[in-house]
Amino acid sequence: MFSKNIIQRFATMASQFSDRNAFCINETHYTYGDFWTLVSKIRTLLNTLDLVDQKIGLVVNDDLETYASIFAIWMQGMGYVPLHPKYPIERNLDIVNQADLKKVLDSSLNSGYDSSLVVKTIECETLELTTEILKISDDSLAYILFTSGSTGKPKGVQISFKNLDSFVSAFLDTGFELDHTDKCLQCFDLTFDVSVQSFLIPLIHGASVYTIPHDQIKYSYVFGLLDDHELTFGVFAPSMIRLLKPYFEEIDLKKLRYCILTAEASPVDLVKEWAECIPNAQIFNFYGPTEATIYCVYYEVKVNETIKDANGMLAIGKPFKGLETIILDENLQVVEKGNKGELYVSGNQVTSGYWKNPERNEEAFIILDYNGESKKFYKTGDLCLEDKDNDLLYFGRLDNQVKIQGFRIELGEIEFHARASIGGKNAVAFIYQGQTGGNEIALCLEIDNLDKDAILNSLKAILPSYMVPSKVYNLEKFPLNTSDKVDRKQVINLFV
Amino acid sequence: MDKPELIDRLTTIFRATFDADSLVLTDELTANDVDNWDSLTHMILISEIEKGLDIKFKLKELNKMKNVGALIEIITSKIN
């Protein structure tokens, strides 16, 4: 139960460790006492809103108010829908409309939202505290995260308290032992679900959370936190570790006890070199689609033993307790061990479905007979193989979804907006390896004359910065394949 | 190299990296003020400065570069 396992546990930590640090945000420390008081005041503010709806928009700034809002929302039995302050307002308003949000909680001094929509967090300052622990329904939503969708509109993944409670229990079951002395990194945007693990797990152990200000260069700031504050627990996207690679010789983080790699495939060579920078850390590779609540499969990397890989990428290992994974072929038949197929997951962590999106739900979930029971499985779109030791190996995406800087994006969404900006003519977005060795996005348009700045400006107004292409090309005519469709491969080969 | 000359050379590198022909460097300028100044372009910027001025930064120095003023200070300490 979420209220017992998460909320009650957090309340106990807040009272037991009220003088200890809960957060370090932009070089300022805040105690559990500070945090609890703010949570309790925001709960009172939420009570005054008389919201019949069980969800609220939340502008996710990097400040104590935003983190306190999440706990206040949860303690009132509600869910939050994160809205990134740096994303274009049009995209955020589209999410507000899609999720049918009646209010948006915002800690910004100058909110970009209409006064009828926005509730300023600062209004809680003079309010009394609400500290009572309510019974909340496990079926209520904890959050809805909107991820890139190929129809041009982001799609909402709804995660319930039951999903999140199941995640926490299964995550801790993998063997992490944290306590109030731990110092934990939270370097993910709050619009991305790994952030939830990064702040929630420390806060139910009395540990402290170290965040990254939005205006800082992430990789160097992260190193500063790890080094200056001797952090003990860190979750990283491999693309960020790659940016630190030129400096590995300088890095010696003896205090780091746990290192989780996630959000994208982890190259074994990079991980081996990184391991020398964190000599006392246990290293794990965690895999999971947002639809199955943060992570659902994991693999521990033992540097001095054989490391399993697929095409140089770390194995993803075994499913979390309480989850089932199966690998199916195109005809939905289970493939024999050792053969590749699409990974499907089932269990308490799997979402009940996309928010108000029956078409997508129809495509993404199937009911299968599994060990004599009828179960709902989520189709991950990931190509995997199960080896003889029951470890899963990951071979990449089956469809047009890719990962950029850890964010899952659909190239189709970029193409959709690009086509709109050139009067509906063809566009192909693709991935290439950038100067820093990481994935970057390129775009090719089927037009005679290219006004690169105009295209980029129109995309920047609609898409978050990680989805804006770094290269734009044009071709007068796209090559076609035998079924008269644009030959994407041929287009891409002209430039890569 | 005196400060105005250094700023001239850095301005050329900044403008090329961020594809911003009218960018003017001030001590207070931060990543927040410049379009496209993120982790990836920062990495490219640092490598271009290293190549252009024949210096090498340490990671600990990068972490202390809160704005362009701090960057200039660190470069000055390296070339003089």
# chains A, B, ... in the order shown; residues from 1 in each chain; ligands from 1
>>> residues_around(residues="Thr76 (chain B)", least_positions_apart="3", cutoff="9 Å", atoms="only C-alpha atoms", output="list in words")
Met1, Asp2, Lys3, Leu6, Leu71, Ile72, Glu73, Ile79 and Asn80 of chain B
>>> write_last_selection(atoms="N, CA and C atoms", output="PDB file, in the first residue's frame")
ATOM      1  N   MET B   1      49.022  37.389 -24.144  1.00  0.00           N
ATOM      2  CA  MET B   1      47.785  37.884 -24.733  1.00  0.00           C
ATOM      3  C   MET B   1      47.035  38.744 -23.694  1.00  0.00           C
ATOM      4  N   ASP B   2      46.640  39.972 -24.104  1.00  0.00           N
ATOM      5  CA  ASP B   2      45.890  40.802 -23.141  1.00  0.00           C
ATOM      6  C   ASP B   2      44.400  40.445 -23.206  1.00  0.00           C
ATOM      7  N   LYS B   3      43.640  41.002 -22.276  1.00  0.00           N
ATOM      8  CA  LYS B   3      42.233  40.609 -22.150  1.00  0.00           C
ATOM      9  C   LYS B   3      41.403  40.926 -23.403  1.00  0.00           C
ATOM     10  N   LEU B   6      42.084  38.341 -25.986  1.00  0.00           N
ATOM     11  CA  LEU B   6      41.503  37.061 -25.585  1.00  0.00           C
ATOM     12  C   LEU B   6      39.992  37.053 -25.845  1.00  0.00           C
ATOM     13  N   LEU B  71      35.293  31.856 -16.820  1.00  0.00           N
ATOM     14  CA  LEU B  71      36.018  31.163 -17.899  1.00  0.00           C
ATOM     15  C   LEU B  71      37.268  31.956 -18.277  1.00  0.00           C
ATOM     16  N   ILE B  72      37.094  33.290 -18.444  1.00  0.00           N
ATOM     17  CA  ILE B  72      38.217  34.142 -18.838  1.00  0.00           C
ATOM     18  C   ILE B  72      39.316  34.125 -17.758  1.00  0.00           C
ATOM     19  N   GLU B  73      38.861  34.133 -16.511  1.00  0.00           N
ATOM     20  CA  GLU B  73      39.820  34.118 -15.402  1.00  0.00           C
ATOM     21  C   GLU B  73      40.673  32.833 -15.429  1.00  0.00           C
ATOM     22  N   ILE B  79      47.307  30.879 -19.551  1.00  0.00           N
ATOM     23  CA  ILE B  79      48.184  31.340 -20.636  1.00  0.00           C
ATOM     24  C   ILE B  79      49.252  32.304 -20.151  1.00  0.00           C
ATOM     25  N   ASN B  80      49.067  32.837 -18.938  1.00  0.00           N
ATOM     26  CA  ASN B  80      50.105  33.770 -18.434  1.00  0.00           C
ATOM     27  C   ASN B  80      51.016  33.065 -17.427  1.00  0.00           C
TER      28      ASN B  80
END
>>> select_by_dssp(residues="region 17-149 of chain A", states="strand (DSSP E)", output="ChimeraX atom specification")
/A:21-25,28-31,55-59,79-83,104-106,118-120,141-147
>>> residues_around(residues="region 40-46 of chain B", least_positions_apart="4", cutoff="12 Å", atoms="only C-alpha atoms", output="PyMOL selection string")
(chain A and resi 216-220+239-240+242-247+404-405+434-440+465-466+470) or (chain B and resi 10-19+30-32+34-36+50-59+61-63+65+68+71+75)
>>> atom_distance(atom1="CA of Ser39 (chain B)", atom2="CA of Phe199 (chain A)")
22.4 Å
>>> residues_around(residues="Ile251 (chain A)", least_positions_apart="6", cutoff="10 Å", atoms="only C-alpha atoms", output="list in words")
Phe223, Leu226, Asp227, Leu244, Lys245, Trp274, Glu276, Cys277 and Ile278 of chain A; Leu59 and Lys60 of chain B
>>> decode(residues="region 187-201 of chain A", atoms="N, CA and C atoms", output="mmCIF file, in the first residue's frame")
data_model
loop_
_atom_site.group_PDB
_atom_site.id
_atom_site.type_symbol
_atom_site.label_atom_id
_atom_site.label_comp_id
_atom_site.auth_asym_id
_atom_site.auth_seq_id
_atom_site.Cartn_x
_atom_site.Cartn_y
_atom_site.Cartn_z
ATOM 1 N N CYS A 187 19.791 13.831 -11.029
ATOM 2 C CA CYS A 187 20.209 14.679 -12.153
ATOM 3 C C CYS A 187 19.245 14.589 -13.329
ATOM 4 N N PHE A 188 18.022 14.087 -13.098
ATOM 5 C CA PHE A 188 17.073 13.940 -14.208
ATOM 6 C C PHE A 188 15.959 14.982 -14.140
ATOM 7 N N ASP A 189 15.517 15.425 -15.311
ATOM 8 C CA ASP A 189 14.373 16.319 -15.379
ATOM 9 C C ASP A 189 13.172 15.648 -14.732
ATOM 10 N N LEU A 190 12.348 16.439 -14.072
ATOM 11 C CA LEU A 190 11.180 15.860 -13.390
ATOM 12 C C LEU A 190 10.086 15.441 -14.366
ATOM 13 N N THR A 191 10.301 15.688 -15.657
ATOM 14 C CA THR A 191 9.371 15.185 -16.675
ATOM 15 C C THR A 191 9.740 13.759 -17.091
ATOM 16 N N PHE A 192 10.828 13.242 -16.534
ATOM 17 C CA PHE A 192 11.348 11.928 -16.899
ATOM 18 C C PHE A 192 11.276 11.047 -15.656
ATOM 19 N N ASP A 193 10.773 9.806 -15.793
ATOM 20 C CA ASP A 193 10.425 9.044 -14.584
ATOM 21 C C ASP A 193 11.604 8.611 -13.719
ATOM 22 N N VAL A 194 12.812 8.547 -14.264
ATOM 23 C CA VAL A 194 13.956 8.166 -13.420
ATOM 24 C C VAL A 194 14.133 9.188 -12.279
ATOM 25 N N SER A 195 13.662 10.420 -12.499
ATOM 26 C CA SER A 195 13.719 11.437 -11.435
ATOM 27 C C SER A 195 12.964 10.958 -10.199
ATOM 28 N N VAL A 196 11.840 10.256 -10.403
ATOM 29 C CA VAL A 196 11.009 9.826 -9.271
ATOM 30 C C VAL A 196 11.806 8.865 -8.381
ATOM 31 N N GLN A 197 12.505 7.907 -9.023
ATOM 32 C CA GLN A 197 13.372 7.024 -8.231
ATOM 33 C C GLN A 197 14.446 7.848 -7.526
ATOM 34 N N SER A 198 15.007 8.832 -8.249
ATOM 35 C CA SER A 198 16.171 9.556 -7.736
ATOM 36 C C SER A 198 15.863 10.411 -6.500
ATOM 37 N N PHE A 199 14.608 10.905 -6.365
ATOM 38 C CA PHE A 199 14.311 11.643 -5.124
ATOM 39 C C PHE A 199 13.537 10.801 -4.114
ATOM 40 N N LEU A 200 12.692 9.876 -4.606
ATOM 41 C CA LEU A 200 11.818 9.139 -3.684
ATOM 42 C C LEU A 200 12.577 8.130 -2.824
ATOM 43 N N ILE A 201 13.463 7.361 -3.431
ATOM 44 C CA ILE A 201 14.180 6.329 -2.663
ATOM 45 C C ILE A 201 14.996 6.967 -1.516
#
